[in-house]
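> Handing you a structure now.
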Amino acid sequence: MQDDNVEPEDLAPKRPGRRALDADQVPAIMQGLDEGFGSDPAAVSGVALVLGSGAKVRIHDGRLHVEDGEGWYRRTREWGRVSDLRRLIISARSGYLSLAVFDHCRKAGIEVVIVNDDGEIMLTPSGGTTDARVHRVQAAPPPGLALEAARLLLAPKMRGQASILRDLLDDAGTAETLDTLADALQRADDVDACRQLEASSAAAYFAAWCQHPATTLRFAHADAAKVPSHWAVFDGRRSLLAKGVSARKAERPLNALLNVGYHFGAIATRTALIAVGLDPALPFVHADQRARDACVFDVLETIRPTVDGLVLGLVAERTFTRRDFIEMSDGSVRIAPMLVQEIAAAMPLFARAAAPHTEAIAHLLGRAVVGKWQPTTRLTGRNAKVAAAEVKARKVAAARASADASSARARAGRARADQAHLFASCLRCGAPLTRSRHLYCEQCQNSTPSHARETRRRRGQSIAAQRTNLERWRAEHRNDRGDPDEYRTTILPTLKGVKLAEIMAACGISKTTASQWRAGRTTPSFRFWETLRRLGTGGRE
């Protein structure tokens, strides 16, 4: 990984074949180390980096204990079993790692990734779903599958780069060219043709970056004299310090930022490939190489626009200082620890961007296996989301059906009522009824004294008055509770000489109820006790 760590030899006297650091570079390097290892010890966005030399990663008192730094610039961090840490990336040049760390991190759900100083992945977490049939198809794809995989991997990259040109660089012409090349991928005859289209797209894309204001770094005015003249301007991805057309050993800060971003993106894509059960070393677009996980760089193509957008956003928002970058003795540029950690904080973003494309490749290979194969979406959780949406849809449909059934029952009830109203007749004279719930017509009711309209009105008024009195009494005696033993010993014996008619008139009850009260078979409500007491004593109390 291209970070800011400075080897001790870079500060030593000049060796044959190596250029010594200038005297004004040393204070900037020291200040960068001080800021990188002397502040903000917490993980950023669930990602923690271990940098420098003499690092110590171990378990102490049940907590993950990390010590790293450079020289006398050291920092110490700790995380308990429950924390926000999700990724631990170790890129220190020297130090030790306790074996207990792996078991602790596995139980805590923390990914441990070890990379060397050039960003090459040396160890990543395992635990993916392995299917030998998928590996066999990946190693020897049937006709046409490799071409389809190349289209799935390169088209998102070219479309995303076109969006970068259109939205961030205001270059609609080149963006249209990239969209045209992306459309041509669908007509390509083989993978080699796809590679040629991608190469043309990349050349046009980074040519639009050259000398553009959005790719020009702003440095603090106080550091203007300390910054090399070529640092601020982007002049292409190719590094003059590397062989061929490689971008490694960047001699310009913007390329160094892109390299670091791509390194972190490669970590995310390798983890994603392992999670879905694919072999990181078997590519579709990149050439097979010894000791290189070429398929990682295949999937990395899909998230390069995400990394580019992050770096361009950093360039637009930040005023850099000389201590943000370190010029090595060979002229290459490394990034200070604090800036490396800011880019590492975007790893969750890279993982989310790589997830759908990695699953698409896995599903493409899975459909070509022999036998039954079930697609999974452990990265995006799409299957779970679809299942949850289906369950929700079924619940909504069931609720709607229940509401419709209730409405139908209500309509049927109203229809039956209307039908009863139309066809019901008086039991006495046979005349049609005006109300279906009545048994007699209005004329027959008026001819019966107990059912006449005036009688019913008085009866209703009496019932309403009784309810009003009952509610008033309950409000006044809300907290009063009678003692049944007191009633049986003081009130019930006095009722033996009271006539039932008097009890009925005083309490407004039926003869049967009055008889049961006087015989002691039932106990009246507490609100009648005072009335019964006055009846029993003849009003003497």
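Ordering of the structure tokens sets the chain letters (A, B, ...); residue numbers start at 1 within each chain; ligands are numbered from 1 in the order shown.
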Going by DSSP on the backbone, which bits of region 310-359 of chain A are strand (DSSP E or B)? Write them as a list of chain:residue names, please.
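Those residues are A:Thr319, A:Phe320, A:Phe325, A:Ile326, A:Glu327, A:Val333, A:Arg334, A:Ile335.
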> Extract, using only C-alpha atoms, all DNA, RNA and protein residues at most 10 Å from region 461-466 of chain A, discarding same-chain residues fewer than 6 positions from it, and format them as a list in words.
Thr455, Arg472 and Gly508 of chain A
> Just want the 8 Å neighbourhood of Ile90 (chain A), counted on only C-alpha atoms, with same-chain residues fewer than 3 positions away dropped. Output as JSON, numbers by chain.
{"A": [49, 50, 51, 112, 113, 114, 115]}
> Can you tell me, as a ChimeraX atom specification, what residues are no more than 12 Å from region 375-390 of chain A when counting only C-alpha atoms, ignoring any on the same chain fewer than 6 positions away?
/A:127-129,131,134,268-269,271-277,348,351-369,396-397
> Those selected residues, please, written with C-alpha atoms and delivered as a CSV table (one decimal), in the first residue's frame.

```csv
chain,number,residue,atom,x,y,z
A,127,GLY,CA,-15.6,-18.3,5.3
A,128,GLY,CA,-17.3,-17.9,1.9
A,129,THR,CA,-19.6,-20.4,0.3
A,131,ASP,CA,-18.8,-24.7,-4.6
A,134,VAL,CA,-18.6,-22.9,-9.8
A,268,ALA,CA,-13.0,-4.9,-0.7
A,269,THR,CA,-13.4,-6.8,-4.0
A,271,THR,CA,-13.3,-10.1,0.3
A,272,ALA,CA,-16.5,-10.0,-1.8
A,273,LEU,CA,-15.2,-12.7,-4.2
A,274,ILE,CA,-14.4,-15.0,-1.3
A,275,ALA,CA,-17.7,-14.4,0.3
A,276,VAL,CA,-19.6,-15.5,-2.8
A,277,GLY,CA,-17.4,-18.5,-3.3
A,348,PRO,CA,-17.7,0.3,3.4
A,351,ALA,CA,-17.7,-2.9,-0.4
A,352,ARG,CA,-21.3,-1.7,-1.1
A,353,ALA,CA,-20.3,-0.7,-4.7
A,354,ALA,CA,-18.7,-4.0,-5.4
A,355,ALA,CA,-21.4,-6.2,-3.9
A,356,PRO,CA,-24.0,-6.2,-6.8
A,357,HIS,CA,-21.4,-6.8,-9.5
A,358,THR,CA,-19.7,-9.6,-7.6
A,359,GLU,CA,-23.0,-11.3,-7.1
A,360,ALA,CA,-23.9,-10.9,-10.8
A,361,ILE,CA,-20.7,-12.7,-11.8
A,362,ALA,CA,-21.4,-15.5,-9.2
A,363,HIS,CA,-24.9,-15.9,-10.5
A,364,LEU,CA,-23.7,-16.0,-14.1
A,365,LEU,CA,-21.3,-18.8,-13.3
A,366,GLY,CA,-23.9,-20.6,-11.1
A,367,ARG,CA,-26.4,-20.8,-13.9
A,368,ALA,CA,-23.8,-22.7,-15.9
A,369,VAL,CA,-23.1,-25.5,-13.4
A,396,VAL,CA,-51.4,-6.1,2.7
A,397,ALA,CA,-53.4,-8.3,0.3
```
> Give me the residues within 10 Å of Thr321 (chain A) as a PyMOL selection string, counting only C-alpha atoms and dropping any in the same chain fewer than 5 places off.
chain A and resi 28+32+218-224+226-227
> Could you work out how far CA of Gln161 (chain A) lies from CA of Asp183 (chain A), giving the answer in Å with one decimal?
13.8 Å
> Do a neighbour search on region 513-523 of chain A at 10 Å with only C-alpha atoms, toss out local chain neighbours closer than 6 positions, and write the hits as a list in words.
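Neighbouring residues, sequence-local ones excluded: Pro484, Tyr487, Arg488, Ile491, Leu492, Pro493, Thr494, Leu495, Lys496, Gly497, Val498, Lys499, Leu500, Ala501, Glu502, Ile503, Met504, Ala505, Cys507, Trp529 and Leu532 of chain A.
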> Using CA of Ala146 (chain A) and CA of Ala287 (chain A) as the two end points, give the distance in Å to one decimal.
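Separation of CA of Ala146 (chain A) and CA of Ala287 (chain A): 12.6 Å.
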> Quick one: residues within 12 Å of Phe350 (chain A), only C-alpha atoms counted, chain neighbours fewer than 5 positions away excluded, as number ranges by chain?
A: 261-272, 299-310, 343-345, 355-357
> If you keep N, CA and C atoms, can you produce a file of those selected residues as a compact mmCIF listing (two decimals), in the first residue's frame?

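What landed in result.txt:
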```txt
# COMPACT_ATOMS: atom_id res chain seq x y z
N GLY A 261 -6.50 4.53 -3.03
CA GLY A 261 -7.92 4.22 -3.13
C GLY A 261 -8.17 2.90 -3.82
N TYR A 262 -7.43 2.63 -4.91
CA TYR A 262 -7.58 1.36 -5.62
C TYR A 262 -7.12 0.19 -4.76
N HIS A 263 -6.09 0.40 -3.93
CA HIS A 263 -5.63 -0.67 -3.03
C HIS A 263 -6.74 -1.06 -2.05
N PHE A 264 -7.37 -0.06 -1.46
CA PHE A 264 -8.46 -0.37 -0.54
C PHE A 264 -9.64 -0.98 -1.29
N GLY A 265 -9.89 -0.51 -2.49
CA GLY A 265 -10.94 -1.12 -3.29
C GLY A 265 -10.65 -2.57 -3.61
N ALA A 266 -9.38 -2.91 -3.86
CA ALA A 266 -9.01 -4.29 -4.14
C ALA A 266 -9.23 -5.18 -2.92
N ILE A 267 -8.98 -4.64 -1.74
CA ILE A 267 -9.26 -5.42 -0.52
C ILE A 267 -10.75 -5.73 -0.44
N ALA A 268 -11.58 -4.73 -0.73
CA ALA A 268 -13.03 -4.94 -0.67
C ALA A 268 -13.49 -5.95 -1.70
N THR A 269 -12.95 -5.89 -2.92
CA THR A 269 -13.39 -6.83 -3.96
C THR A 269 -12.90 -8.24 -3.68
N ARG A 270 -11.71 -8.38 -3.12
CA ARG A 270 -11.22 -9.73 -2.81
C ARG A 270 -12.08 -10.36 -1.72
N THR A 271 -12.43 -9.58 -0.70
CA THR A 271 -13.31 -10.10 0.34
C THR A 271 -14.67 -10.49 -0.22
N ALA A 272 -15.18 -9.70 -1.16
CA ALA A 272 -16.47 -10.00 -1.77
C ALA A 272 -16.41 -11.28 -2.59
N VAL A 299 -13.08 -7.37 -10.86
CA VAL A 299 -14.19 -6.76 -10.14
C VAL A 299 -13.85 -5.33 -9.73
N LEU A 300 -12.57 -5.06 -9.50
CA LEU A 300 -12.16 -3.70 -9.15
C LEU A 300 -12.53 -2.70 -10.24
N GLU A 301 -12.56 -3.16 -11.50
CA GLU A 301 -12.93 -2.26 -12.59
C GLU A 301 -14.31 -1.64 -12.35
N THR A 302 -15.21 -2.38 -11.73
CA THR A 302 -16.58 -1.88 -11.55
C THR A 302 -16.65 -0.74 -10.53
N ILE A 303 -15.71 -0.67 -9.60
CA ILE A 303 -15.79 0.36 -8.55
C ILE A 303 -14.72 1.45 -8.73
N ARG A 304 -13.96 1.40 -9.81
CA ARG A 304 -12.99 2.49 -10.04
C ARG A 304 -13.67 3.86 -10.12
N PRO A 305 -14.84 3.98 -10.78
CA PRO A 305 -15.50 5.30 -10.75
C PRO A 305 -15.84 5.78 -9.34
N THR A 306 -16.17 4.85 -8.45
CA THR A 306 -16.46 5.22 -7.06
C THR A 306 -15.21 5.79 -6.39
N VAL A 307 -14.08 5.13 -6.61
CA VAL A 307 -12.81 5.62 -6.05
C VAL A 307 -12.45 6.97 -6.67
N ASP A 308 -12.62 7.07 -7.99
CA ASP A 308 -12.28 8.34 -8.66
C ASP A 308 -13.13 9.49 -8.12
N GLY A 309 -14.43 9.24 -7.93
CA GLY A 309 -15.28 10.29 -7.39
C GLY A 309 -14.87 10.70 -5.99
N LEU A 310 -14.46 9.73 -5.16
CA LEU A 310 -14.00 10.05 -3.82
C LEU A 310 -12.75 10.92 -3.86
N ILE A 343 -8.95 7.99 3.51
CA ILE A 343 -9.37 7.20 2.35
C ILE A 343 -9.85 5.83 2.79
N ALA A 344 -9.19 5.25 3.80
CA ALA A 344 -9.62 3.94 4.29
C ALA A 344 -11.03 3.98 4.86
N ALA A 345 -11.46 5.14 5.35
CA ALA A 345 -12.81 5.25 5.91
C ALA A 345 -13.89 4.99 4.86
N ALA A 355 -20.54 -5.09 -4.26
CA ALA A 355 -21.43 -6.22 -3.94
C ALA A 355 -22.31 -6.66 -5.10
N PRO A 356 -23.10 -5.76 -5.73
CA PRO A 356 -24.00 -6.24 -6.79
C PRO A 356 -23.27 -6.82 -7.99
N HIS A 357 -22.11 -6.26 -8.34
CA HIS A 357 -21.37 -6.77 -9.50
C HIS A 357 -20.75 -8.14 -9.18
```
